[in-house]
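Structure file input23.txt (compact mmCIF, C-alpha atoms) is printed below.
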# COMPACT_ATOMS: atom_id res chain seq x y z
CA MET B 1040 18.07 26.64 13.68
CA ILE B 1041 18.63 23.45 15.60
CA SER B 1042 15.48 21.98 17.14
CA ASN B 1043 14.93 21.50 20.87
CA GLN B 1044 14.41 17.78 20.24
CA ILE B 1045 17.90 17.47 18.75
CA LEU B 1046 19.35 19.22 21.78
CA GLN B 1047 17.38 16.94 24.10
CA ASN B 1048 18.59 13.82 22.30
CA THR B 1049 22.18 15.10 22.44
CA ILE B 1050 22.31 15.79 26.18
CA ASP B 1051 20.43 12.55 26.92
CA GLY B 1052 23.16 10.70 25.03
CA LEU B 1053 25.92 12.60 26.83
CA LYS B 1054 24.34 11.87 30.20
CA SER B 1055 24.13 8.15 29.46
CA ILE B 1056 27.88 8.17 28.75
CA ALA B 1057 29.20 10.57 31.38
CA ARG B 1058 26.58 10.12 34.14
CA VAL B 1059 26.33 13.89 34.63
CA GLU B 1060 23.05 15.83 34.62
CA LEU B 1061 22.89 18.52 31.93
CA CYS B 1062 20.56 21.38 31.08
CA VAL B 1063 20.49 23.76 28.10
CA MET B 1064 18.88 27.17 28.65
CA ASP B 1065 18.46 30.23 26.47
CA VAL B 1066 19.94 33.62 27.38
CA ASP B 1067 16.67 34.65 29.08
CA GLY B 1068 16.87 31.73 31.49
CA LYS B 1069 14.19 29.56 29.85
CA GLU B 1070 14.84 25.83 29.77
CA VAL B 1071 15.35 24.40 26.28
CA ALA B 1072 16.37 20.83 27.10
CA SER B 1073 17.27 19.04 30.32
CA THR B 1074 18.06 15.58 31.65
CA THR B 1075 16.50 16.39 35.03
CA ASP B 1076 15.06 19.23 37.09
CA MET B 1077 18.31 20.85 38.20
CA GLY B 1078 16.72 23.83 39.91
CA SER B 1079 18.85 26.35 38.00
CA SER B 1080 17.43 29.82 38.49
CA ALA B 1081 16.64 32.04 35.54
CA ARG B 1082 18.27 34.93 37.35
CA ALA B 1083 21.58 33.07 37.68
CA VAL B 1084 21.53 32.25 33.96
CA VAL B 1085 20.76 35.85 32.95
CA GLU B 1086 23.52 37.22 35.23
CA PHE B 1087 26.03 34.68 33.88
CA ALA B 1088 25.02 35.55 30.31
CA ALA B 1089 25.73 39.21 30.99
CA SER B 1090 29.12 38.47 32.60
CA PRO B 1091 32.41 38.41 30.63
CA ALA B 1092 33.18 34.82 31.76
CA ASP B 1093 32.79 31.89 29.35
CA SER B 1094 32.42 29.39 32.22
CA GLN B 1095 31.67 29.73 35.91
CA GLU B 1096 30.67 27.73 38.98
CA ILE B 1097 27.45 29.07 40.53
CA GLN B 1098 25.79 27.54 43.59
CA GLY B 1099 27.32 24.13 42.99
CA TYR B 1100 26.67 24.02 39.21
CA GLN B 1101 29.02 24.51 36.28
CA TYR B 1102 27.83 27.10 33.71
CA PHE B 1103 29.15 27.34 30.14
CA LYS B 1104 28.38 29.72 27.29
CA ILE B 1105 27.58 28.39 23.80
CA TYR B 1106 28.00 30.73 20.83
CA ASP B 1107 26.68 30.77 17.30
CA GLU B 1108 28.99 32.89 15.13
CA GLN B 1109 30.15 34.92 18.16
CA GLN B 1110 26.52 35.46 19.21
CA LEU B 1111 25.63 33.99 22.60
CA GLU B 1112 22.94 31.39 21.91
CA TYR B 1113 22.66 29.03 24.90
CA ILE B 1114 23.86 28.45 28.43
CA LEU B 1115 24.74 24.87 29.35
CA VAL B 1116 24.53 23.88 33.02
CA ALA B 1117 26.28 20.75 34.33
CA GLY B 1118 25.20 19.36 37.69
CA GLY B 1119 27.83 19.09 40.40
CA THR B 1120 31.28 20.39 41.15
CA GLY B 1121 34.74 19.01 40.67
CA GLU B 1122 37.25 18.53 37.87
CA ASP B 1123 35.33 15.73 36.13
CA VAL B 1124 32.04 17.64 36.02
CA TYR B 1125 33.82 20.73 34.69
CA MET B 1126 35.53 18.74 31.92
CA ILE B 1127 32.35 16.89 30.99
CA GLY B 1128 30.38 20.15 30.91
CA LYS B 1129 33.08 21.73 28.74
CA MET B 1130 32.92 18.79 26.32
CA ALA B 1131 29.11 18.91 26.26
CA ALA B 1132 29.18 22.64 25.46
CA PHE B 1133 31.70 21.95 22.68
CA GLN B 1134 29.44 19.23 21.25
CA VAL B 1135 26.38 21.50 21.24
CA GLN B 1136 28.45 24.27 19.63
CA ASN B 1137 29.49 21.93 16.82
CA LEU B 1138 25.85 20.89 16.36
CA LEU B 1139 24.87 24.54 15.93
CA VAL B 1140 27.49 24.99 13.20
CA ALA B 1141 26.50 21.76 11.41
CA TYR B 1142 22.79 22.48 11.51
CA LYS B 1143 23.26 26.08 10.45
CA GLU B 1144 25.20 24.93 7.38
CA ARG B 1145 22.51 22.33 6.69
CA PHE B 1146 19.80 24.98 7.07
CA ASP B 1147 21.60 27.36 4.71
CA LYS B 1148 22.02 24.63 2.09
CA ASP B 1149 18.41 23.53 2.52
CA ASN B 1150 17.19 27.10 2.05
CA PHE B 1151 19.41 27.49 -1.03
CA ILE B 1152 18.09 24.28 -2.61
CA LYS B 1153 14.46 25.26 -1.92
CA ASN B 1154 14.92 28.62 -3.64
CA LEU B 1155 16.76 26.89 -6.47
CA LEU B 1156 13.89 24.43 -6.99
CA LEU B 1157 11.29 27.22 -6.97
CA ASP B 1158 13.35 29.32 -9.41
CA ASN B 1159 13.62 32.18 -6.90
CA LEU B 1160 17.30 33.01 -7.51
CA LEU B 1161 19.07 35.17 -10.08
CA LEU B 1162 21.80 33.43 -12.08
CA VAL B 1163 24.57 35.42 -10.37
CA ASP B 1164 23.15 34.50 -6.94
CA ILE B 1165 23.03 30.80 -7.82
CA TYR B 1166 26.75 30.63 -8.52
CA SER B 1167 27.86 32.94 -5.71
CA ARG B 1168 25.85 31.03 -3.09
CA SER B 1169 26.97 27.68 -4.53
CA LYS B 1170 30.57 28.75 -4.04
CA LYS B 1171 29.92 30.00 -0.50
CA LEU B 1172 28.13 26.78 0.50
CA HIS B 1173 30.67 24.54 -1.28
CA VAL B 1174 28.07 23.11 -3.66
CA GLN B 1175 29.48 21.85 -6.97
CA THR B 1176 27.83 23.53 -9.94
CA ASP B 1177 28.83 21.31 -12.87
CA VAL B 1178 27.99 17.74 -11.88
CA PRO B 1179 25.07 15.71 -13.32
CA ARG B 1180 21.98 15.70 -11.10
CA VAL B 1181 18.33 14.73 -11.26
CA VAL B 1182 15.34 15.82 -9.18
CA MET B 1183 13.12 13.12 -7.69
CA ILE B 1184 9.77 13.80 -6.00
CA VAL B 1185 8.60 11.31 -3.40
CA GLU B 1186 4.87 11.35 -2.65
CA THR B 1187 3.90 9.40 0.45
CA GLY B 1188 0.11 9.67 0.30
CA GLY B 1189 -1.51 9.70 3.73
CA ASP B 1190 1.59 8.49 5.57
CA ARG B 1191 3.00 11.89 6.55
CA ASP B 1192 3.00 10.87 10.21
CA ASN B 1193 5.83 8.47 9.40
CA ASN B 1194 8.21 11.45 8.95
CA ALA B 1195 9.10 10.65 5.36
CA LEU B 1196 11.51 13.60 5.11
CA GLU B 1197 13.77 12.37 7.92
CA LEU B 1198 13.47 8.77 6.77
CA THR B 1199 14.59 9.78 3.27
CA ARG B 1200 17.52 11.72 4.73
CA ASN B 1201 18.48 8.69 6.79
CA HIS B 1202 18.29 6.47 3.72
CA PHE B 1203 20.73 8.59 1.70
CA GLY B 1204 23.00 9.22 4.71
CA SER B 1205 24.42 12.37 6.27
CA ASN B 1206 27.61 12.23 4.19
CA SER B 1207 25.73 12.04 0.90
CA LYS B 1208 26.21 14.69 -1.79
CA ASP B 1209 22.47 14.55 -2.42
CA PHE B 1210 20.09 17.20 -1.10
CA ILE B 1211 16.82 16.15 0.54
CA THR B 1212 14.21 18.80 1.31
CA ALA B 1213 10.50 19.67 1.03
CA VAL B 1214 8.72 22.72 -0.40
CA ASP B 1215 5.20 21.64 0.58
CA GLU B 1216 3.44 19.28 2.99
CA ASN B 1217 2.81 16.48 0.52
CA ASN B 1218 6.14 15.63 -1.08
CA VAL B 1219 9.79 15.01 -0.28
CA ILE B 1220 12.28 16.22 -2.88
CA VAL B 1221 15.64 14.62 -3.60
CA VAL B 1222 18.23 16.44 -5.70
CA LYS B 1223 20.46 13.48 -6.48
CA GLU B 1224 24.01 13.74 -7.73
CA LEU B 1225 24.85 11.15 -10.38
CA SER B 1226 28.03 9.46 -11.51
CA ASP B 1227 29.28 9.62 -15.09
CA GLY B 1228 28.05 6.10 -15.84
CA ASN B 1229 24.59 4.86 -16.88
CA ALA B 1230 22.42 7.67 -15.46
CA ALA B 1231 19.06 6.08 -16.31
CA ARG B 1232 19.97 2.83 -14.57
CA GLU B 1233 21.42 4.67 -11.57
CA ILE B 1234 18.27 6.78 -11.11
CA GLU B 1235 15.92 3.81 -11.45
CA LYS B 1236 18.01 1.83 -8.96
CA ALA B 1237 18.05 4.72 -6.47
CA ALA B 1238 14.28 5.27 -6.80
CA GLN B 1239 13.49 1.59 -6.31
CA SER B 1240 15.85 1.36 -3.34
CA LEU B 1241 14.21 4.39 -1.68
CA LYS B 1242 10.72 3.04 -2.32
CA ASN B 1243 11.63 -0.33 -0.80
CA PHE B 1244 13.18 1.38 2.22
CA LEU B 1245 10.14 3.59 2.89
CA GLU B 1246 7.79 0.62 2.53
CA LYS B 1247 9.92 -1.31 5.01
CA GLU B 1248 9.55 1.64 7.41
CA GLY B 1249 5.74 1.47 7.10
CA ILE B 1250 5.05 3.95 4.29
CA LYS B 1251 3.13 1.80 1.81
CA SER B 1252 1.63 4.25 -0.70
CA THR B 1253 4.86 5.74 -2.05
CA ARG B 1254 5.04 7.14 -5.59
CA ILE B 1255 8.28 8.48 -7.05
CA ALA B 1256 8.66 10.65 -10.15
CA TYR B 1257 11.80 12.17 -11.61
CA GLY B 1258 12.81 14.64 -14.30
CA THR B 1259 15.62 14.55 -16.85
CA VAL B 1260 19.31 14.68 -15.98
CA ILE B 1261 20.76 18.20 -15.80
CA GLN B 1262 24.44 19.13 -16.01
CA GLU B 1263 24.41 22.56 -14.35
CA ILE B 1264 23.13 23.66 -10.94
CA LYS B 1265 21.09 26.43 -12.61
CA GLU B 1266 18.92 23.79 -14.35
CA VAL B 1267 17.71 22.12 -11.15
CA SER B 1268 14.36 23.96 -11.29
CA ARG B 1269 13.71 22.54 -14.78
CA SER B 1270 14.25 18.97 -13.63
CA TYR B 1271 11.97 19.69 -10.64
CA LYS B 1272 9.16 20.97 -12.90
CA GLU B 1273 9.55 17.89 -15.07
CA ALA B 1274 9.34 15.63 -12.01
CA LYS B 1275 6.16 17.41 -10.89
CA MET B 1276 4.59 16.86 -14.30
CA ALA B 1277 5.69 13.21 -14.28
CA LEU B 1278 4.03 12.74 -10.89
CA ASP B 1279 0.69 14.14 -12.11
CA VAL B 1280 0.74 12.54 -15.55
CA GLY B 1281 1.74 9.23 -13.99
CA LYS B 1282 -1.36 9.30 -11.78
CA ILE B 1283 -3.58 9.83 -14.82
CA PHE B 1284 -2.15 7.52 -17.44
CA PHE B 1285 0.22 5.17 -15.56
CA ASP B 1286 -1.60 4.61 -12.28
CA GLU B 1287 -0.23 1.05 -12.10
CA ARG B 1288 3.33 2.39 -11.87
CA ASN B 1289 4.91 3.56 -8.62
CA ILE B 1290 8.01 5.00 -10.29
CA VAL B 1291 7.57 7.29 -13.31
CA ALA B 1292 10.17 9.11 -15.42
CA TYR B 1293 9.43 12.34 -17.30
CA SER B 1294 11.11 10.88 -20.40
CA GLU B 1295 8.57 8.00 -20.46
CA LEU B 1296 5.36 10.08 -20.46
CA GLY B 1297 4.92 10.03 -24.24
CA ILE B 1298 1.71 11.53 -25.57
CA GLY B 1299 0.35 11.82 -22.03
CA ARG B 1300 2.70 14.78 -21.53
CA LEU B 1301 1.06 16.62 -24.44
CA ILE B 1302 -2.51 15.85 -23.36
CA TYR B 1303 -1.76 17.04 -19.81
CA GLN B 1304 -0.96 20.50 -21.14
CA LEU B 1305 -4.20 20.87 -23.12
CA PRO B 1306 -6.85 23.30 -21.78
CA ILE B 1307 -10.06 21.57 -20.65
CA PRO B 1308 -12.34 23.54 -23.07
CA LEU B 1309 -10.25 22.29 -25.99
CA CYS B 1310 -10.54 18.71 -24.70
CA LYS B 1311 -14.34 18.98 -24.45
CA MET B 1312 -14.48 20.37 -27.99
CA PHE B 1313 -12.40 17.47 -29.28
CA ILE B 1314 -14.61 14.82 -27.61
CA LYS B 1315 -17.77 16.52 -28.90
CA GLU B 1316 -16.47 16.65 -32.47
CA ILE B 1317 -15.29 13.03 -32.52
CA PHE B 1318 -18.14 11.36 -30.63
CA ASP B 1319 -20.96 13.86 -31.11
CA GLY B 1320 -21.15 14.73 -27.43
CA LYS B 1321 -20.85 11.15 -26.15
CA SER B 1322 -17.98 9.96 -24.03
CA PRO B 1323 -15.88 6.97 -25.19
CA ASP B 1324 -15.74 5.63 -21.65
CA GLU B 1325 -19.52 5.16 -21.51
CA PHE B 1326 -19.27 1.83 -23.32
CA ASP B 1327 -20.03 -1.33 -21.38
CA GLU B 1328 -17.20 -3.20 -19.66
CA GLU B 1329 -17.02 -5.91 -22.33
CA THR B 1330 -16.55 -3.35 -25.10
CA LEU B 1331 -13.92 -1.39 -23.16
CA THR B 1332 -12.02 -4.59 -22.35
CA THR B 1333 -12.06 -5.50 -26.05
CA ILE B 1334 -10.80 -2.03 -27.03
CA TYR B 1335 -7.94 -1.96 -24.53
CA LYS B 1336 -6.85 -5.51 -25.38
CA PHE B 1337 -6.97 -4.67 -29.11
CA PHE B 1338 -4.68 -1.68 -28.51
CA GLU B 1339 -2.42 -3.74 -26.26
CA ASN B 1340 -1.90 -6.21 -29.10
CA SER B 1341 -1.12 -3.53 -31.70
CA LEU B 1342 -4.47 -3.97 -33.55
CA ASN B 1343 -3.81 -7.67 -34.14
CA VAL B 1344 -7.20 -9.39 -34.46
CA SER B 1345 -5.95 -12.97 -34.11
CA GLU B 1346 -3.85 -12.34 -31.00
CA THR B 1347 -6.56 -10.23 -29.36
CA SER B 1348 -9.25 -12.89 -29.89
CA ARG B 1349 -6.88 -15.55 -28.53
CA GLN B 1350 -6.16 -13.56 -25.34
CA LEU B 1351 -9.85 -12.76 -24.85
CA PHE B 1352 -10.76 -16.46 -25.36
CA ILE B 1353 -13.31 -15.58 -28.06
CA HIS B 1354 -13.70 -16.56 -31.70
CA ARG B 1355 -12.13 -14.27 -34.27
CA ASN B 1356 -15.56 -13.61 -35.79
CA THR B 1357 -16.89 -12.54 -32.39
CA LEU B 1358 -14.13 -9.95 -32.14
CA VAL B 1359 -14.84 -8.74 -35.68
CA TYR B 1360 -18.53 -8.43 -34.76
CA ARG B 1361 -17.67 -6.30 -31.72
CA LEU B 1362 -15.41 -4.05 -33.79
CA ASP B 1363 -18.10 -3.66 -36.46
CA LYS B 1364 -20.65 -2.77 -33.79
CA LEU B 1365 -18.27 -0.18 -32.36
CA GLN B 1366 -17.73 1.28 -35.82
CA LYS B 1367 -21.48 1.74 -36.32
CA SER B 1368 -21.89 3.58 -33.01
CA THR B 1369 -18.81 5.83 -33.30
CA GLY B 1370 -17.95 5.98 -36.98
CA LEU B 1371 -14.43 4.79 -36.14
CA ASP B 1372 -13.01 1.49 -37.38
CA LEU B 1373 -10.28 0.48 -34.93
CA ARG B 1374 -8.73 -1.79 -37.53
CA VAL B 1375 -7.73 1.37 -39.41
CA PHE B 1376 -4.62 2.87 -37.84
CA GLU B 1377 -5.75 6.50 -38.10
CA ASN B 1378 -9.10 5.73 -36.46
CA ALA B 1379 -7.39 3.68 -33.77
CA ILE B 1380 -5.06 6.59 -32.94
CA THR B 1381 -8.03 8.96 -32.72
CA PHE B 1382 -9.88 6.62 -30.38
CA LYS B 1383 -6.80 6.00 -28.24
CA ILE B 1384 -6.20 9.74 -27.80
CA ALA B 1385 -9.88 10.28 -27.02
CA LEU B 1386 -9.73 7.70 -24.20
CA MET B 1387 -6.67 9.45 -22.77
CA VAL B 1388 -8.29 12.88 -23.06
CA VAL B 1389 -11.37 11.67 -21.16
CA LYS B 1390 -9.15 10.18 -18.47
CA TYR B 1391 -7.32 13.50 -18.17
CA MET B 1392 -10.58 15.48 -17.97
CA LYS B 1393 -11.91 13.24 -15.20
CA TYR B 1394 -8.68 13.60 -13.24
CA MET B 1395 -8.77 17.39 -13.49
CA GLU B 1396 -12.42 17.49 -12.44
CA ASN B 1397 -11.69 15.42 -9.32
CA ALA B 1398 -8.36 17.08 -8.49
CA ASP B 1399 -8.25 18.88 -5.15
CA PHE B 1400 -6.64 22.23 -5.89
What is this structure when it is put down as structure tokens?
Amino acid sequence: MISNQILQNTIDGLKSIARVELCVMDVDGKEVASTTDMGSSARAVVEFAASPADSQEIQGYQYFKIYDEQQLEYILVAGGTGEDVYMIGKMAAFQVQNLLVAYKERFDKDNFIKNLLLDNLLLVDIYSRSKKLHVQTDVPRVVMIVETGGDRDNNALELTRNHFGSNSKDFITAVDENNVIVVKELSDGNAAREIEKAAQSLKNFLEKEGIKSTRIAYGTVIQEIKEVSRSYKEAKMALDVGKIFFDERNIVAYSELGIGRLIYQLPIPLCKMFIKEIFDGKSPDEFDEETLTTIYKFFENSLNVSETSRQLFIHRNTLVYRLDKLQKSTGLDLRVFENAITFKIALMVVKYMKYMENADF
């Protein structure tokens, strides 16, 4: 259903053009939106609503009926008499009627997309409703989730809709209070580049509008409308996994999660068992800052001792000493690939465990 604010904005705009006072009332005579206090009585509205006339002049005001699929929805009152006021009132009623149709179609599509994302539709319903709503079923699409942190007051949903435009083939909706969801239609070209470009453009736009803490995650490209829920689930996982293992990134793709995707799906008891077996109950993140910096830099340089020591501005022997010391305390020699992999996974597992412990469910 169309909001009262939209109706108010519409008649305010019409008044500024036509210089005629307008008021929209429901069938019970309650004011919905008005440009001024016109003094229209509820009784007059109710009596007009019950009459067979579609328009009528009552006590110096022009009254018009507005229907939604042959159901009387509103009464529009135009202030004043005369041919011009009648014509302007008629045009205003026509405009509001068209808004009802447009917003009803938008609501129906929005409801369809929400149920599609949440996997609440049978396969036969997906295709029948797609046909009814004129939604193409066999074009490439991707689901993007836009998290705006604590900036919900900035109306991220409407801003996102404005960014993509009203004539866009993309669907923008929300299924919870924290995220905006974009079901984006793609061309047949370079999908990965198109998605990344669209995500970066949206992020820049929202930041320009004052939403600074935006994170965007997206799933894989799907070819059929029935697969939208899968891309949505992938985007949700990418958003969570990105926060754990790629917190420096503001845009994360499901296809780039790597081993983080596997660790994210491990049960916490299994993670604790793994850490206990490898480190005898200790946690690999309990090392001092110097040791952790050495470890991360060593991994970053693909276990290359010379390059790591150069970037850390230390002598090669100093680095070897630190690695030997680490080997004595953990039993793992990071210069051995298998041990390095074990240690790397352990660090990621600990990071995942900490995230899950602090998560607000």
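With all atoms listed in the file as the atoms that count, the minimum distance from Asp1286 (chain B) to the choices B:Ala1379, B:Lys1390, B:Ile1353, B:Gly1052 is reached by B:Lys1390.
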So how far away is CA of Gln1262 (chain B) from CA of Pro1179 (chain B), in Å? 4.4 Å
What is the distance between CA of Val1178 (chain B) and CA of Glu1263 (chain B), in Å to one decimal? 6.5 Å
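Minimum atom-to-atom distances from B:Gln1366, B:Gln1136, B:Ala1089, B:Glu1233 to Gln1109 (chain B) were compared using only C-alpha atoms, and the lowest value belongs to B:Gln1136.
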May I have the protein, DNA and RNA residues with an atom at most 8 Å from (20.3, 24.2, -9.1), counting only C-alpha atoms in the file's coordinates, returned as a VMD selection string? chain B and resid 1152 1155 to 1156 1165 1176 1263 to 1268
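The list of residues within 12 Å of (13.1, 0.4, -2.1), counted using all atoms listed in the file, is Val1185, Thr1199, His1202, Phe1203, Glu1235, Lys1236, Ala1237, Ala1238, Gln1239, Ser1240, Leu1241, Lys1242, Asn1243, Phe1244, Leu1245, Glu1246, Lys1247, Glu1248, Gly1249, Ile1250, Lys1251, Thr1253, Arg1254, Ile1255, Asn1289 and Ile1290 of chain B.
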Just to be explicit: take each residue in the selection above, keep C-alpha atoms, and write the result as an mmCIF file, in the frame of the given file.
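Below is the file part.cif, written as the result:
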data_model
loop_
_atom_site.group_PDB
_atom_site.id
_atom_site.type_symbol
_atom_site.label_atom_id
_atom_site.label_comp_id
_atom_site.auth_asym_id
_atom_site.auth_seq_id
_atom_site.Cartn_x
_atom_site.Cartn_y
_atom_site.Cartn_z
ATOM 1 C CA VAL B 1185 8.600 11.310 -3.400
ATOM 2 C CA THR B 1199 14.590 9.780 3.270
ATOM 3 C CA HIS B 1202 18.290 6.470 3.720
ATOM 4 C CA PHE B 1203 20.730 8.590 1.700
ATOM 5 C CA GLU B 1235 15.920 3.810 -11.450
ATOM 6 C CA LYS B 1236 18.010 1.830 -8.960
ATOM 7 C CA ALA B 1237 18.050 4.720 -6.470
ATOM 8 C CA ALA B 1238 14.280 5.270 -6.800
ATOM 9 C CA GLN B 1239 13.490 1.590 -6.310
ATOM 10 C CA SER B 1240 15.850 1.360 -3.340
ATOM 11 C CA LEU B 1241 14.210 4.390 -1.680
ATOM 12 C CA LYS B 1242 10.720 3.040 -2.320
ATOM 13 C CA ASN B 1243 11.630 -0.330 -0.800
ATOM 14 C CA PHE B 1244 13.180 1.380 2.220
ATOM 15 C CA LEU B 1245 10.140 3.590 2.890
ATOM 16 C CA GLU B 1246 7.790 0.620 2.530
ATOM 17 C CA LYS B 1247 9.920 -1.310 5.010
ATOM 18 C CA GLU B 1248 9.550 1.640 7.410
ATOM 19 C CA GLY B 1249 5.740 1.470 7.100
ATOM 20 C CA ILE B 1250 5.050 3.950 4.290
ATOM 21 C CA LYS B 1251 3.130 1.800 1.810
ATOM 22 C CA THR B 1253 4.860 5.740 -2.050
ATOM 23 C CA ARG B 1254 5.040 7.140 -5.590
ATOM 24 C CA ILE B 1255 8.280 8.480 -7.050
ATOM 25 C CA ASN B 1289 4.910 3.560 -8.620
ATOM 26 C CA ILE B 1290 8.010 5.000 -10.290
#
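Here CA of Gly1297 (chain B) and CA of Asp1327 (chain B) stand 27.6 Å from one another.
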For Phe1337 (chain B), find every residue with an atom within 12 Å (counting all atoms listed in the file), except residues of its own chain fewer than 4 positions away, and show them as JSON, numbers by chain. {"B": [1330, 1331, 1332, 1333, 1341, 1342, 1343, 1344, 1345, 1346, 1347, 1348, 1349, 1350, 1351, 1358, 1359, 1361, 1362, 1372, 1373, 1374, 1375, 1376, 1379, 1382, 1383]}
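Take the candidates B:Val1140, B:Gln1044, B:Asp1107, B:Arg1058 and check each one against Asp1123 (chain B) using all atoms listed in the file; the shortest distance goes to B:Arg1058.
With all atoms listed in the file as the atoms that count, the residue of B:Cys1310, B:Ile1127, B:Ile1298, B:Met1077 with the shortest distance to Ile1380 (chain B) is B:Ile1298.
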Which is closer to Val1222 (chain B) than all the others in B:Lys1171, B:Lys1148, B:Lys1393, B:Asn1137, using only C-alpha atoms? B:Lys1148
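Minimum atom-to-atom distance to Val1182 (chain B), evaluated using all atoms listed in the file, belongs to B:Tyr1257 out of B:Phe1210, B:Tyr1293, B:Tyr1106, B:Tyr1257.
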So that I can check the surroundings of region 1217-1219 of chain B, please list as a list in words every protein, DNA and RNA residue that reaches within 6 Å of it, counting only C-alpha atoms and ignoring chain neighbours fewer than 3 positions away. Ile1184, Val1185, Glu1186, Leu1196 and Ala1213 of chain B
List as an MDAnalysis selection string the protein and nucleic acid residues near Ile1283 (chain B), meaning an atom at most 12 Å away when all atoms listed in the file are counted, but skip any in the same chain fewer than 6 places from it. chainID B and resid 1276:1277 1291 1296 1299:1300 1302:1303 1386:1398
Coordinates of region 1208-1223 of chain B, N, CA and C atoms, as a PDB file, in the first residue's frame:
ATOM      1  N   LYS B1208      15.913  -2.844 -13.962  1.00  0.00           N
ATOM      2  CA  LYS B1208      15.397  -4.218 -13.913  1.00  0.00           C
ATOM      3  C   LYS B1208      15.843  -4.934 -12.647  1.00  0.00           C
ATOM      4  N   ASP B1209      16.588  -4.227 -11.808  1.00  0.00           N
ATOM      5  CA  ASP B1209      17.052  -4.797 -10.541  1.00  0.00           C
ATOM      6  C   ASP B1209      15.953  -4.674  -9.487  1.00  0.00           C
ATOM      7  N   PHE B1210      15.998  -5.570  -8.498  1.00  0.00           N
ATOM      8  CA  PHE B1210      15.042  -5.532  -7.394  1.00  0.00           C
ATOM      9  C   PHE B1210      15.790  -5.175  -6.113  1.00  0.00           C
ATOM     10  N   ILE B1211      15.287  -4.181  -5.406  1.00  0.00           N
ATOM     11  CA  ILE B1211      15.906  -3.744  -4.149  1.00  0.00           C
ATOM     12  C   ILE B1211      14.881  -3.900  -3.040  1.00  0.00           C
ATOM     13  N   THR B1212      15.231  -4.654  -2.006  1.00  0.00           N
ATOM     14  CA  THR B1212      14.296  -4.914  -0.919  1.00  0.00           C
ATOM     15  C   THR B1212      15.072  -5.126   0.376  1.00  0.00           C
ATOM     16  N   ALA B1213      14.353  -5.546   1.426  1.00  0.00           N
ATOM     17  CA  ALA B1213      14.974  -5.846   2.722  1.00  0.00           C
ATOM     18  C   ALA B1213      14.147  -6.913   3.411  1.00  0.00           C
ATOM     19  N   VAL B1214      14.803  -7.889   4.018  1.00  0.00           N
ATOM     20  CA  VAL B1214      14.088  -8.944   4.749  1.00  0.00           C
ATOM     21  C   VAL B1214      14.344  -8.847   6.251  1.00  0.00           C
ATOM     22  N   ASP B1215      15.208  -7.920   6.661  1.00  0.00           N
ATOM     23  CA  ASP B1215      15.436  -7.663   8.078  1.00  0.00           C
ATOM     24  C   ASP B1215      15.805  -6.193   8.254  1.00  0.00           C
ATOM     25  N   GLU B1216      16.102  -5.806   9.493  1.00  0.00           N
ATOM     26  CA  GLU B1216      16.354  -4.395   9.787  1.00  0.00           C
ATOM     27  C   GLU B1216      17.797  -3.965   9.520  1.00  0.00           C
ATOM     28  N   ASN B1217      18.671  -4.922   9.260  1.00  0.00           N
ATOM     29  CA  ASN B1217      20.092  -4.594   9.195  1.00  0.00           C
ATOM     30  C   ASN B1217      20.661  -4.460   7.788  1.00  0.00           C
ATOM     31  N   ASN B1218      20.010  -5.096   6.804  1.00  0.00           N
ATOM     32  CA  ASN B1218      20.613  -5.162   5.483  1.00  0.00           C
ATOM     33  C   ASN B1218      19.640  -4.781   4.370  1.00  0.00           C
ATOM     34  N   VAL B1219      20.194  -4.226   3.314  1.00  0.00           N
ATOM     35  CA  VAL B1219      19.457  -3.988   2.073  1.00  0.00           C
ATOM     36  C   VAL B1219      19.905  -5.051   1.078  1.00  0.00           C
ATOM     37  N   ILE B1220      18.956  -5.596   0.324  1.00  0.00           N
ATOM     38  CA  ILE B1220      19.279  -6.663  -0.622  1.00  0.00           C
ATOM     39  C   ILE B1220      19.007  -6.192  -2.044  1.00  0.00           C
ATOM     40  N   VAL B1221      19.981  -6.423  -2.911  1.00  0.00           N
ATOM     41  CA  VAL B1221      19.842  -6.069  -4.322  1.00  0.00           C
ATOM     42  C   VAL B1221      19.919  -7.347  -5.146  1.00  0.00           C
ATOM     43  N   VAL B1222      18.856  -7.624  -5.909  1.00  0.00           N
ATOM     44  CA  VAL B1222      18.882  -8.728  -6.868  1.00  0.00           C
ATOM     45  C   VAL B1222      19.154  -8.084  -8.216  1.00  0.00           C
ATOM     46  N   LYS B1223      20.400  -8.145  -8.630  1.00  0.00           N
ATOM     47  CA  LYS B1223      20.845  -7.384  -9.809  1.00  0.00           C
ATOM     48  C   LYS B1223      20.854  -8.237 -11.063  1.00  0.00           C
TER      49      LYS B1223
END
